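Engineer: File data-v6.txt follows (compact mmCIF, C-alpha atoms):
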```txt
# COMPACT_ATOMS: atom_id res chain seq x y z
CA MET Z 1 0.00 0.00 0.00
CA THR Z 2 1.22 3.50 -0.76
CA ASP Z 3 -0.19 6.95 -0.03
CA THR Z 4 -0.90 9.02 -3.13
CA LEU Z 5 -1.64 12.75 -3.05
CA PHE Z 6 -4.98 13.81 -4.53
CA LEU Z 7 -4.93 17.42 -5.72
CA THR Z 8 -8.07 19.28 -6.72
CA SER Z 9 -8.20 22.15 -9.19
CA GLU Z 10 -8.56 24.49 -6.20
CA ASP Z 11 -5.40 23.04 -4.63
CA VAL Z 12 -3.26 23.83 -7.66
CA ASP Z 13 -4.94 27.05 -8.78
CA GLY Z 14 -2.46 29.85 -8.20
CA LEU Z 15 0.20 27.45 -6.90
CA ALA Z 16 2.70 28.55 -9.58
CA THR Z 17 3.22 31.61 -11.76
CA PRO Z 18 3.14 31.51 -15.59
CA ALA Z 19 6.93 31.95 -15.59
CA GLU Z 20 7.36 28.94 -13.30
CA TYR Z 21 5.18 26.84 -15.60
CA VAL Z 22 7.36 27.93 -18.54
CA ASP Z 23 10.56 26.96 -16.73
CA ALA Z 24 9.16 23.53 -15.84
CA VAL Z 25 7.87 22.86 -19.34
CA ARG Z 26 11.12 24.02 -20.96
CA GLU Z 27 13.00 21.50 -18.82
CA GLY Z 28 10.53 18.78 -19.87
CA TYR Z 29 11.13 19.51 -23.54
CA ARG Z 30 14.88 19.54 -22.98
CA GLN Z 31 14.57 15.99 -21.70
CA ARG Z 32 12.38 15.06 -24.66
CA GLY Z 33 15.01 16.47 -27.02
CA GLU Z 34 17.57 14.20 -25.41
CA GLY Z 35 15.43 11.10 -25.88
CA ALA Z 36 12.73 11.06 -23.17
CA PRO Z 37 9.79 8.88 -24.33
CA ALA Z 38 6.50 10.56 -25.27
CA GLN Z 39 3.58 9.62 -27.50
CA PRO Z 40 0.93 11.68 -29.31
CA ARG Z 41 -2.60 11.57 -28.01
CA SER Z 42 -4.85 8.65 -28.77
CA LYS Z 43 -8.55 9.28 -29.35
CA LEU Z 44 -11.70 7.22 -29.05
CA PHE Z 45 -15.03 8.58 -30.30
CA ARG Z 46 -18.66 7.81 -29.60
CA ASP Z 47 -21.51 9.07 -31.79
CA GLU Z 48 -24.45 8.83 -29.39
CA PRO Z 49 -24.05 10.60 -27.07
CA LYS Z 50 -21.37 12.40 -29.04
CA GLY Z 51 -18.04 12.59 -27.25
CA MET Z 52 -14.31 11.89 -27.24
CA LEU Z 53 -12.05 10.05 -24.81
CA THR Z 54 -8.40 10.95 -25.27
CA GLY Z 55 -5.05 10.78 -23.55
CA TYR Z 56 -1.27 11.00 -23.88
CA THR Z 57 1.75 10.03 -21.81
CA ALA Z 58 5.44 10.81 -21.26
CA ILE Z 59 8.38 9.76 -19.11
CA LEU Z 60 10.82 12.41 -17.88
CA PRO Z 61 13.74 10.34 -16.60
CA ASP Z 62 15.88 13.23 -15.33
CA SER Z 63 12.96 14.48 -13.24
CA GLY Z 64 12.13 10.95 -12.12
CA VAL Z 65 8.44 11.16 -13.02
CA MET Z 66 6.02 9.90 -15.65
CA GLY Z 67 2.32 10.11 -16.38
CA GLY Z 68 -0.07 12.03 -18.59
CA TYR Z 69 -3.64 13.13 -19.21
CA THR Z 70 -6.77 11.12 -19.74
CA TYR Z 71 -9.81 13.25 -20.41
CA SER Z 72 -13.32 13.12 -21.78
CA ALA Z 73 -15.12 15.82 -23.72
CA GLY Z 74 -18.76 15.88 -24.66
CA PHE Z 75 -20.93 12.86 -23.95
CA GLY Z 76 -24.01 13.48 -21.83
CA ALA Z 77 -22.34 16.10 -19.67
CA LYS Z 78 -21.37 18.16 -22.74
CA ASP Z 79 -18.27 19.23 -20.81
CA ALA Z 80 -14.68 18.10 -20.30
CA TRP Z 81 -13.10 16.23 -17.39
CA PHE Z 82 -9.32 16.03 -16.92
CA VAL Z 83 -7.66 13.29 -14.87
CA LEU Z 84 -3.88 13.37 -14.47
CA PRO Z 85 -1.93 10.55 -12.78
CA LEU Z 86 1.71 11.20 -11.86
CA PHE Z 87 4.02 8.25 -11.14
CA ASP Z 88 7.53 7.85 -9.77
CA ALA Z 89 9.63 6.86 -12.79
CA ASP Z 90 12.07 4.85 -10.66
CA SER Z 91 9.72 2.80 -8.48
CA GLY Z 92 6.59 3.02 -10.64
CA ALA Z 93 4.51 4.00 -7.61
CA PRO Z 94 1.72 6.57 -8.01
CA LEU Z 95 2.75 9.92 -6.56
CA ALA Z 96 -0.31 12.05 -7.24
CA LEU Z 97 -3.69 12.17 -8.88
CA PHE Z 98 -4.79 15.57 -10.17
CA ASP Z 99 -8.02 17.14 -11.24
CA GLY Z 100 -6.21 18.70 -14.19
CA ALA Z 101 -8.76 21.29 -15.27
CA SER Z 102 -7.38 24.49 -13.73
CA MET Z 103 -3.76 23.81 -14.75
CA ASN Z 104 -4.64 23.12 -18.38
CA PRO Z 105 -4.38 26.65 -19.85
CA PHE Z 106 -1.19 27.28 -17.85
CA LYS Z 107 0.72 24.18 -18.97
CA THR Z 108 -0.52 24.57 -22.57
CA GLY Z 109 0.34 28.26 -22.52
CA ALA Z 110 3.77 27.36 -21.18
CA ALA Z 111 4.38 25.00 -24.10
CA GLY Z 112 3.48 27.80 -26.50
CA ALA Z 113 5.82 30.18 -24.70
CA VAL Z 114 8.69 27.68 -24.88
CA GLY Z 115 8.05 27.56 -28.63
CA VAL Z 116 8.12 31.35 -28.83
CA ASP Z 117 11.32 31.53 -26.80
CA ALA Z 118 13.01 28.90 -28.97
CA LEU Z 119 11.88 30.21 -32.37
CA ALA Z 120 10.82 33.87 -32.29
CA ARG Z 121 13.29 36.71 -32.85
CA GLU Z 122 14.81 37.94 -29.60
CA ASP Z 123 13.60 41.47 -30.31
CA ALA Z 124 10.00 40.39 -31.05
CA ASP Z 125 7.64 42.75 -29.21
CA THR Z 126 4.46 42.89 -31.33
CA LEU Z 127 1.95 40.06 -30.97
CA GLY Z 128 -1.25 39.23 -32.83
CA ILE Z 129 -3.56 36.69 -31.22
CA VAL Z 130 -6.59 35.00 -32.76
CA GLY Z 131 -8.89 33.65 -30.08
CA SER Z 132 -10.06 35.03 -26.74
CA GLY Z 133 -10.91 32.01 -24.60
CA ALA Z 134 -9.12 30.41 -21.64
CA GLN Z 135 -6.41 28.91 -23.86
CA ALA Z 136 -5.72 32.27 -25.55
CA ARG Z 137 -5.40 33.83 -22.12
CA GLY Z 138 -2.96 31.13 -21.05
CA GLN Z 139 -0.88 31.62 -24.19
CA LEU Z 140 -0.61 35.39 -23.72
CA ARG Z 141 0.25 35.24 -20.02
CA ALA Z 142 3.02 32.72 -20.65
CA THR Z 143 4.37 34.45 -23.77
CA ALA Z 144 4.63 37.71 -21.86
CA THR Z 145 7.21 36.02 -19.60
CA VAL Z 146 9.62 35.23 -22.47
CA ARG Z 147 9.39 38.39 -24.60
CA ASP Z 148 9.03 42.08 -23.67
CA LEU Z 149 5.75 42.75 -25.43
CA ALA Z 150 4.88 46.32 -26.34
CA ASP Z 151 1.88 45.91 -28.67
CA VAL Z 152 -0.75 43.15 -28.56
CA ARG Z 153 -3.74 42.93 -30.89
CA VAL Z 154 -6.51 40.37 -30.31
CA TYR Z 155 -9.22 39.21 -32.66
CA SER Z 156 -12.08 36.80 -32.14
CA PRO Z 157 -15.41 36.74 -33.98
CA THR Z 158 -17.47 37.96 -31.00
CA ALA Z 159 -16.78 41.63 -30.37
CA GLU Z 160 -17.77 41.43 -26.71
CA ASN Z 161 -15.27 38.64 -26.05
CA ARG Z 162 -12.31 40.31 -27.75
CA GLU Z 163 -13.04 43.64 -26.08
CA ALA Z 164 -13.20 41.99 -22.64
CA PHE Z 165 -9.96 40.11 -23.35
CA ALA Z 166 -8.20 43.31 -24.40
CA ALA Z 167 -9.45 45.26 -21.40
CA ASP Z 168 -8.32 42.58 -18.95
CA PHE Z 169 -4.82 42.25 -20.39
CA ASP Z 170 -4.33 45.96 -21.00
CA ALA Z 171 -4.69 46.32 -17.24
CA GLU Z 172 -2.56 43.25 -16.47
CA LEU Z 173 0.40 43.65 -18.84
CA ALA Z 174 2.82 46.48 -19.51
CA ALA Z 175 1.99 46.14 -23.23
CA ASP Z 176 -0.68 48.10 -25.06
CA VAL Z 177 -3.42 45.48 -25.62
CA ARG Z 178 -6.32 46.26 -27.93
CA ALA Z 179 -9.07 44.48 -29.82
CA VAL Z 180 -9.17 44.57 -33.63
CA THR Z 181 -11.97 43.74 -36.04
CA SER Z 182 -10.28 41.12 -38.22
CA SER Z 183 -7.60 38.46 -38.04
CA ALA Z 184 -5.76 40.32 -40.81
CA ASP Z 185 -5.50 43.35 -38.50
CA ALA Z 186 -4.13 41.13 -35.72
CA VAL Z 187 -1.52 39.52 -37.98
CA ALA Z 188 -0.38 42.61 -39.91
CA GLY Z 189 3.13 43.58 -38.88
CA ALA Z 190 3.18 41.17 -35.95
CA ASP Z 191 6.47 39.63 -34.82
CA ILE Z 192 4.57 36.80 -33.11
CA VAL Z 193 1.20 35.35 -34.08
CA ILE Z 194 -0.73 32.99 -31.79
CA THR Z 195 -3.82 31.06 -32.78
CA ALA Z 196 -5.90 29.55 -29.98
CA THR Z 197 -9.16 28.46 -31.59
CA ARG Z 198 -11.26 25.43 -32.47
CA ALA Z 199 -11.22 26.31 -36.17
CA SER Z 200 -11.65 23.79 -38.96
CA GLU Z 201 -10.61 26.35 -41.59
CA PRO Z 202 -7.55 28.67 -41.62
CA VAL Z 203 -8.01 31.75 -39.47
CA PHE Z 204 -5.69 34.08 -41.43
CA ASP Z 205 -4.02 34.37 -44.83
CA GLY Z 206 -0.42 33.17 -44.83
CA ASP Z 207 0.49 35.85 -47.36
CA ASP Z 208 -0.16 38.42 -44.61
CA LEU Z 209 2.79 37.19 -42.54
CA GLU Z 210 5.80 39.47 -42.58
CA PRO Z 211 9.28 37.93 -43.01
CA GLY Z 212 10.67 37.04 -39.60
CA THR Z 213 7.31 36.28 -37.99
CA HIS Z 214 6.92 33.39 -35.57
CA VAL Z 215 3.56 31.58 -35.40
CA THR Z 216 2.36 29.36 -32.54
CA ALA Z 217 -0.76 27.37 -33.37
CA MET Z 218 -2.32 25.40 -30.51
CA GLY Z 219 -5.71 24.34 -31.86
CA GLN Z 220 -4.70 21.85 -34.58
CA TYR Z 221 -4.78 18.51 -32.80
CA GLY Z 222 -7.00 16.66 -35.26
CA THR Z 223 -7.22 15.98 -38.97
CA ASP Z 224 -10.35 18.16 -39.05
CA SER Z 225 -8.68 21.02 -37.13
CA ARG Z 226 -6.89 23.62 -39.21
CA GLU Z 227 -5.90 27.08 -38.01
CA LEU Z 228 -3.09 27.64 -40.53
CA ASP Z 229 -3.35 27.62 -44.32
CA THR Z 230 -1.06 25.81 -46.74
CA THR Z 231 0.72 29.07 -47.59
CA THR Z 232 1.82 29.48 -43.97
CA ILE Z 233 3.06 25.89 -43.71
CA GLU Z 234 4.87 26.15 -47.04
CA ARG Z 235 6.59 29.45 -46.13
CA ALA Z 236 7.66 28.40 -42.66
CA THR Z 237 10.29 26.39 -40.84
CA TYR Z 238 7.89 23.90 -39.28
CA VAL Z 239 8.43 22.59 -35.73
CA PRO Z 240 5.79 20.39 -34.01
CA ASP Z 241 5.80 19.41 -30.36
CA LEU Z 242 6.26 15.77 -31.43
CA ARG Z 243 7.49 14.76 -34.88
CA GLU Z 244 5.02 11.87 -35.03
CA ARG Z 245 2.11 14.30 -34.66
CA ALA Z 246 2.88 16.05 -37.96
CA THR Z 247 1.48 13.18 -40.02
CA PHE Z 248 -0.89 11.81 -37.38
CA ASP Z 249 -3.18 14.62 -36.22
CA ALA Z 250 -1.59 17.99 -37.13
CA GLY Z 251 -4.43 19.16 -39.36
CA ALA Z 252 -2.70 22.05 -41.14
CA PHE Z 253 0.46 20.11 -41.96
CA ILE Z 254 -1.55 17.12 -43.18
CA ALA Z 255 -3.64 19.40 -45.42
CA ALA Z 256 -0.46 20.95 -46.84
CA MET Z 257 0.92 17.47 -47.52
CA GLU Z 258 -2.28 16.48 -49.29
CA ALA Z 259 -1.98 19.63 -51.42
CA GLY Z 260 1.54 18.59 -52.42
CA ALA Z 261 3.08 21.70 -50.88
CA VAL Z 262 5.22 19.89 -48.29
CA SER Z 263 6.33 16.40 -47.37
CA GLU Z 264 7.29 14.67 -44.14
CA ALA Z 265 10.88 15.73 -44.87
CA ASP Z 266 9.77 19.34 -44.31
CA VAL Z 267 9.36 18.76 -40.58
CA HIS Z 268 12.41 20.70 -39.44
CA ALA Z 269 12.66 19.35 -35.88
CA GLU Z 270 10.68 18.66 -32.74
CA LEU Z 271 10.48 21.44 -30.19
CA GLY Z 272 12.53 19.40 -27.72
CA GLU Z 273 15.34 18.98 -30.22
CA VAL Z 274 15.55 22.76 -30.61
CA VAL Z 275 15.36 23.37 -26.85
CA ALA Z 276 18.09 20.78 -26.20
CA GLY Z 277 20.32 22.20 -28.95
CA VAL Z 278 20.18 18.96 -30.94
CA GLU Z 279 18.76 20.84 -33.95
CA PRO Z 280 18.92 24.57 -34.76
CA GLY Z 281 15.91 26.80 -34.36
CA ARG Z 282 15.68 30.13 -36.19
CA THR Z 283 18.72 30.77 -38.39
CA ASN Z 284 18.06 34.37 -39.50
CA ASP Z 285 15.79 37.35 -38.84
CA GLU Z 286 13.85 36.92 -42.11
CA GLU Z 287 12.80 33.32 -41.46
CA ILE Z 288 9.14 32.50 -40.75
CA THR Z 289 8.78 29.84 -38.08
CA VAL Z 290 5.81 27.77 -36.91
CA PHE Z 291 5.41 25.88 -33.66
CA ASP Z 292 2.51 23.43 -33.93
CA SER Z 293 1.42 22.75 -30.34
CA GLY Z 294 -1.21 20.02 -30.24
CA GLY Z 295 -0.66 19.00 -26.64
CA THR Z 296 1.62 16.26 -25.29
CA GLY Z 297 2.43 14.46 -22.10
CA VAL Z 298 5.73 16.35 -21.94
CA GLU Z 299 4.30 19.66 -20.72
CA THR Z 300 1.63 17.82 -18.73
CA VAL Z 301 4.07 15.70 -16.71
CA ALA Z 302 6.58 18.52 -16.32
CA ALA Z 303 3.95 20.90 -14.96
CA ALA Z 304 2.39 18.23 -12.74
CA HIS Z 305 5.76 17.41 -11.21
CA MET Z 306 6.37 21.05 -10.35
CA LEU Z 307 2.89 21.39 -8.83
CA TYR Z 308 3.26 18.13 -6.89
CA GLU Z 309 6.50 19.31 -5.29
CA ARG Z 310 5.00 22.72 -4.50
CA ALA Z 311 1.88 21.13 -2.98
CA ARG Z 312 4.06 18.90 -0.78
CA GLU Z 313 5.96 21.92 0.46
CA GLU Z 314 2.74 23.76 1.31
CA GLY Z 315 0.88 20.80 2.78
CA LEU Z 316 -1.88 20.80 0.17
CA GLY Z 317 -3.96 17.88 -1.05
CA THR Z 318 -5.43 14.74 0.48
CA GLU Z 319 -3.65 11.41 0.91
CA ILE Z 320 -5.44 8.44 -0.62
CA PRO Z 321 -4.26 4.80 -0.36
CA PHE Z 322 -3.28 2.81 -3.46
CA ALA Z 323 -2.72 -0.93 -3.34
CA PRO Z 324 -0.06 -2.47 -5.61
CA ALA Z 325 -1.28 -5.22 -7.88
CA SER Z 326 0.60 -7.87 -5.92
CA GLU Z 327 -1.49 -7.07 -2.85
CA ALA Z 328 -4.79 -6.42 -4.61
CA LEU Z 329 -4.63 -9.64 -6.66
CA THR Z 330 -3.41 -11.97 -3.93
CA GLY Z 331 -4.91 -10.37 -0.85
CA ASP Z 332 -1.54 -10.49 0.89
```
Take the structure I supplied and represent it as structure tokens, if you would.
Structural biologist:
Amino acid sequence: MTDTLFLTSEDVDGLATPAEYVDAVREGYRQRGEGAPAQPRSKLFRDEPKGMLTGYTAILPDSGVMGGYTYSAGFGAKDAWFVLPLFDADSGAPLALFDGASMNPFKTGAAGAVGVDALAREDADTLGIVGSGAQARGQLRATATVRDLADVRVYSPTAENREAFAADFDAELAADVRAVTSSADAVAGADIVITATRASEPVFDGDDLEPGTHVTAMGQYGTDSRELDTTTIERATYVPDLRERATFDAGAFIAAMEAGAVSEADVHAELGEVVAGVEPGRTNDEEITVFDSGGTGVETVAAAHMLYERAREEGLGTEIPFAPASEALTGD
């Protein structure tokens, strides 16, 4: 029998800053770049009631932890539920079980920020963001920790949402944050472009990207999800979170392959390879770069490990007993 720490969303909410999430996730991707195992998400679908069960895993040997997400979306509840087990990578014992909902935008935002830090120009200070939901908020908060942003433009189809987003962040950040009335206005002249949507069609024209722009797309984790057009993929140095994802569920890259614009050989590197220095990132100030962030166990396990250690220090969570299989199966 072992005691495992159960952490609710309330336990971990506010337990770490965006910058601390970024540091943890960067370290996770460094380990991935040096060979740490990770797999893309697997998905199971049901038509009636309509829903998806999905999950992904990773082992971070240097940190001594492993685990991942399993979550459901839709079904009768028409909502999403995130369950995150964290295991000791040396003993295999369960360390913690998280309600992963509140940490989700922070760890996903941190992955996007690691991509920005690895691939955007160092002097990038103008950002265009398409989307205004929780994930867009997570992306902006994290990105603001790796670049000194001066000008942020946000677009989403609902005027009320983009205006509220801009007002909140104009008060929160040192940058000038304002809402604009089209994605083209958000993208024009931007050094960094972030897309955080559920789009099935491209959300901006790749011809509008200036030379030297970096793009982070985080809503393309399905063959029917496509935030970026073929022009963007064709013009860019393309870096996914996991190489295997590019031809598995990275909707924009798959569409560009089907159009004959790119091939699998046009995957420049995984993010971890760039972070670890195994492969180069940006090579000049005119290069357009894309980080395709579909979600992996790397950022999930890295963030969970940080939160677990912080919760232990602060005495948060509830201990629950877990029986090893040898005891449960034999009764010994």
Engineer: Go ahead and compute the interatomic distance for atom CA of Z:Thr283 and atom CA of Z:Val154, in Å to one decimal.
Structural biologist: 28.2 Å
Engineer: With a cut-off of 8 Å, could you pull out the residues of stretch 113-201 of chain Z touching stretch 211-233 of chain Z and give me the nearest pair of atoms for each, distance in Å to one decimal, using only C-alpha atoms, ordered by chain and ascending number, as CSV?
Structural biologist:
```
residue,atom,partner,partner_atom,distance
Z:Gly115,CA,Z:Thr216,CA,7.1
Z:Val116,CA,Z:Thr216,CA,7.1
Z:Leu119,CA,Z:His214,CA,6.7
Z:Ala120,CA,Z:His214,CA,5.1
Z:Arg121,CA,Z:Gly212,CA,7.2
Z:Ala190,CA,Z:Thr213,CA,6.7
Z:Asp191,CA,Z:Thr213,CA,4.7
Z:Ile192,CA,Z:His214,CA,4.8
Z:Val193,CA,Z:Val215,CA,4.6
Z:Ile194,CA,Z:Thr216,CA,4.8
Z:Thr195,CA,Z:Ala217,CA,4.8
Z:Ala196,CA,Z:Met218,CA,5.5
Z:Thr197,CA,Z:Gly219,CA,5.4
Z:Arg198,CA,Z:Gly219,CA,5.7
Z:Ala199,CA,Z:Glu227,CA,5.7
Z:Ser200,CA,Z:Ser225,CA,4.5
Z:Glu201,CA,Z:Arg226,CA,5.2
```
Engineer: I want to know what sits within 10 Å of Z:Gly14, based on all atoms listed in the file, with residues of the same chain fewer than 4 positions away left out; could you give that as a list in words?
Structural biologist: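 In the requested format, the answer is Ser9, Glu10, Pro18, Ser102 and Met103 of chain Z.
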Engineer: What lies within 7 Å of stretch 236-245 of chain Z using only C-alpha atoms, ignoring chain neighbours under 6 positions off, as a list in words?
Structural biologist: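 Close residues of stretch 236-245 of chain Z: Pro40, Val267, His268, Ala269, Glu270, Leu271, Ile288, Thr289, Val290, Phe291, Asp292 and Ser293 of chain Z.
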Engineer: Dump as CSV the rows for residues of stretch 261-304 of chain Z within 10 Å of stretch 61-73 of chain Z: closest atom pair and distance in Å with one decimal, only C-alpha atoms counted, ordered by chain and rising residue number.
Structural biologist:
```
residue,atom,partner,partner_atom,distance
Z:Gly295,CA,Z:Tyr69,CA,9.9
Z:Thr296,CA,Z:Gly68,CA,8.1
Z:Gly297,CA,Z:Gly68,CA,4.9
Z:Val298,CA,Z:Gly68,CA,8.0
Z:Glu299,CA,Z:Gly68,CA,9.0
Z:Thr300,CA,Z:Gly68,CA,6.0
Z:Val301,CA,Z:Gly68,CA,5.8
Z:Ala302,CA,Z:Ser63,CA,8.2
Z:Ala304,CA,Z:Gly68,CA,8.9
```
Engineer: What's the 12 Å shell around Z:Val278, counting only C-alpha atoms, without same-chain residues fewer than 2 positions away, as a list of chain:residue names?
Structural biologist: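 With the cut-off at 12 Å, the set is Z:Tyr29, Z:Arg30, Z:Gln31, Z:Arg32, Z:Gly33, Z:Glu34, Z:Gly35, Z:His268, Z:Ala269, Z:Glu270, Z:Leu271, Z:Gly272, Z:Glu273, Z:Val274, Z:Val275, Z:Ala276, Z:Pro280, Z:Gly281.
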Engineer: Give me a file of those residues, with C-alpha atoms, as a PDB file, in the coordinates of the input.
Structural biologist:
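Produced file result-v1.pdb, reproduced below:
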```pdb
ATOM      1  CA  TYR Z  29      11.130  19.510 -23.540  1.00  0.00           C
ATOM      2  CA  ARG Z  30      14.880  19.540 -22.980  1.00  0.00           C
ATOM      3  CA  GLN Z  31      14.570  15.990 -21.700  1.00  0.00           C
ATOM      4  CA  ARG Z  32      12.380  15.060 -24.660  1.00  0.00           C
ATOM      5  CA  GLY Z  33      15.010  16.470 -27.020  1.00  0.00           C
ATOM      6  CA  GLU Z  34      17.570  14.200 -25.410  1.00  0.00           C
ATOM      7  CA  GLY Z  35      15.430  11.100 -25.880  1.00  0.00           C
ATOM      8  CA  HIS Z 268      12.410  20.700 -39.440  1.00  0.00           C
ATOM      9  CA  ALA Z 269      12.660  19.350 -35.880  1.00  0.00           C
ATOM     10  CA  GLU Z 270      10.680  18.660 -32.740  1.00  0.00           C
ATOM     11  CA  LEU Z 271      10.480  21.440 -30.190  1.00  0.00           C
ATOM     12  CA  GLY Z 272      12.530  19.400 -27.720  1.00  0.00           C
ATOM     13  CA  GLU Z 273      15.340  18.980 -30.220  1.00  0.00           C
ATOM     14  CA  VAL Z 274      15.550  22.760 -30.610  1.00  0.00           C
ATOM     15  CA  VAL Z 275      15.360  23.370 -26.850  1.00  0.00           C
ATOM     16  CA  ALA Z 276      18.090  20.780 -26.200  1.00  0.00           C
ATOM     17  CA  PRO Z 280      18.920  24.570 -34.760  1.00  0.00           C
ATOM     18  CA  GLY Z 281      15.910  26.800 -34.360  1.00  0.00           C
TER      19      GLY Z 281
END
```
Engineer: Interatomic distance between atom CA of Z:Asp176 and atom CA of Z:Glu163?
Structural biologist: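 Between atom CA of Z:Asp176 and atom CA of Z:Glu163 the gap is 13.2 Å.
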Engineer: I'd like the interatomic distance between atom CA of Z:Gly294 and atom CA of Z:Gly74, to a tenth of an Å.
Structural biologist: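 Interatomic distance, atom CA of Z:Gly294 to atom CA of Z:Gly74: 18.9 Å.
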Engineer: Dump as a compact mmCIF listing (two decimals) with C-alpha atoms, in the frame of the given file all residues having an atom at most 12 Å from (-7.4, 35.3, -14.0), computed in the file's coordinates with all atoms listed in the file.
Structural biologist:
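Once everything was written out, this is point36.txt:
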```
# COMPACT_ATOMS: atom_id res chain seq x y z
CA ASP Z 13 -4.94 27.05 -8.78
CA GLY Z 14 -2.46 29.85 -8.20
CA THR Z 17 3.22 31.61 -11.76
CA PRO Z 18 3.14 31.51 -15.59
CA SER Z 102 -7.38 24.49 -13.73
CA PRO Z 105 -4.38 26.65 -19.85
CA PHE Z 106 -1.19 27.28 -17.85
CA GLY Z 133 -10.91 32.01 -24.60
CA ALA Z 134 -9.12 30.41 -21.64
CA GLN Z 135 -6.41 28.91 -23.86
CA ARG Z 137 -5.40 33.83 -22.12
CA GLY Z 138 -2.96 31.13 -21.05
CA LEU Z 140 -0.61 35.39 -23.72
CA ARG Z 141 0.25 35.24 -20.02
CA PHE Z 165 -9.96 40.11 -23.35
CA ASP Z 168 -8.32 42.58 -18.95
CA PHE Z 169 -4.82 42.25 -20.39
CA ALA Z 171 -4.69 46.32 -17.24
CA GLU Z 172 -2.56 43.25 -16.47
```
Engineer: Out of Z:Arg147, Z:Arg153, Z:Arg310, Z:Lys43, which residue has the shortest atom-to-atom distance to Z:Ala124 when counting only C-alpha atoms?
Structural biologist: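 That would be Z:Arg147, the residue with the smallest distance to Z:Ala124.
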Engineer: Taking only C-alpha atoms into account, which of Z:Leu173, Z:Arg162, Z:Ala323, Z:Thr54 comes nearest Z:Leu149?
Structural biologist: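 Under the stated criterion, the closest residue is Z:Leu173.
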Engineer: For stretch 76-85 of chain Z, work out the shell of residues within 8 Å, counting only C-alpha atoms and skipping chain neighbours fewer than 6 positions away, then give it as a list in words.
Structural biologist: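 Answer for this query is Pro49, Lys50, Gly51, Gly67, Gly68, Tyr69, Thr70, Pro94, Leu95, Ala96, Leu97, Phe98, Asp99, Gly100 and Ala101 of chain Z.
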Engineer: Which one of Z:Ala93, Z:Val25, Z:Val12, Z:Ala184 sits closest to Z:Asp205 if you count all atoms listed in the file?
Structural biologist: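 Looking only at the distances to Z:Asp205, the closest residue turns out to be Z:Ala184.
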Engineer: Report, as JSON, the centre and edge lengths in Å (one decimal) of the axis-aligned box enclosing every listed atom of stretch 157-162 of chain Z, padded by 4 Å on each side.
Structural biologist:
```
{"center_x": -15.0, "center_y": 39.2, "center_z": -30.0, "size_x": 13.5, "size_y": 12.9, "size_z": 15.9}
```
Engineer: Got a minute to add N, CA and C atoms to stretch 73-86 of chain Z and dump it as an mmCIF file, in the coordinates of the input?
Structural biologist:
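Output saved as out_21.cif:
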```
data_model
loop_
_atom_site.group_PDB
_atom_site.id
_atom_site.type_symbol
_atom_site.label_atom_id
_atom_site.label_comp_id
_atom_site.auth_asym_id
_atom_site.auth_seq_id
_atom_site.Cartn_x
_atom_site.Cartn_y
_atom_site.Cartn_z
ATOM 1 N N ALA Z 73 -14.480 14.575 -23.288
ATOM 2 C CA ALA Z 73 -15.120 15.820 -23.720
ATOM 3 C C ALA Z 73 -16.408 15.478 -24.427
ATOM 4 N N GLY Z 74 -17.470 16.150 -24.040
ATOM 5 C CA GLY Z 74 -18.760 15.880 -24.660
ATOM 6 C C GLY Z 74 -19.559 14.873 -23.858
ATOM 7 N N PHE Z 75 -20.070 13.868 -24.556
ATOM 8 C CA PHE Z 75 -20.930 12.860 -23.950
ATOM 9 C C PHE Z 75 -22.145 13.557 -23.316
ATOM 10 N N GLY Z 76 -22.784 12.906 -22.384
ATOM 11 C CA GLY Z 76 -24.010 13.480 -21.830
ATOM 12 C C GLY Z 76 -23.790 14.762 -21.068
ATOM 13 N N ALA Z 77 -22.603 14.901 -20.456
ATOM 14 C CA ALA Z 77 -22.340 16.100 -19.670
ATOM 15 C C ALA Z 77 -22.062 17.319 -20.537
ATOM 16 N N LYS Z 78 -21.713 17.078 -21.808
ATOM 17 C CA LYS Z 78 -21.370 18.160 -22.740
ATOM 18 C C LYS Z 78 -20.314 19.094 -22.126
ATOM 19 N N ASP Z 79 -19.327 18.490 -21.476
ATOM 20 C CA ASP Z 79 -18.270 19.230 -20.810
ATOM 21 C C ASP Z 79 -16.993 18.421 -20.938
ATOM 22 N N ALA Z 80 -15.940 18.842 -20.282
ATOM 23 C CA ALA Z 80 -14.680 18.100 -20.300
ATOM 24 C C ALA Z 80 -14.233 17.823 -18.870
ATOM 25 N N TRP Z 81 -13.586 16.657 -18.692
ATOM 26 C CA TRP Z 81 -13.100 16.230 -17.390
ATOM 27 C C TRP Z 81 -11.667 15.745 -17.550
ATOM 28 N N PHE Z 82 -10.750 16.314 -16.768
ATOM 29 C CA PHE Z 82 -9.320 16.030 -16.920
ATOM 30 C C PHE Z 82 -8.808 15.266 -15.697
ATOM 31 N N VAL Z 83 -8.248 14.091 -15.929
ATOM 32 C CA VAL Z 83 -7.660 13.290 -14.870
ATOM 33 C C VAL Z 83 -6.175 13.101 -15.201
ATOM 34 N N LEU Z 84 -5.316 13.389 -14.226
ATOM 35 C CA LEU Z 84 -3.880 13.370 -14.470
ATOM 36 C C LEU Z 84 -3.176 12.536 -13.392
ATOM 37 N N PRO Z 85 -2.734 11.323 -13.732
ATOM 38 C CA PRO Z 85 -1.930 10.550 -12.780
ATOM 39 C C PRO Z 85 -0.445 10.848 -12.967
ATOM 40 N N LEU Z 86 0.265 10.981 -11.847
ATOM 41 C CA LEU Z 86 1.710 11.200 -11.860
ATOM 42 C C LEU Z 86 2.374 10.062 -11.087
#
```
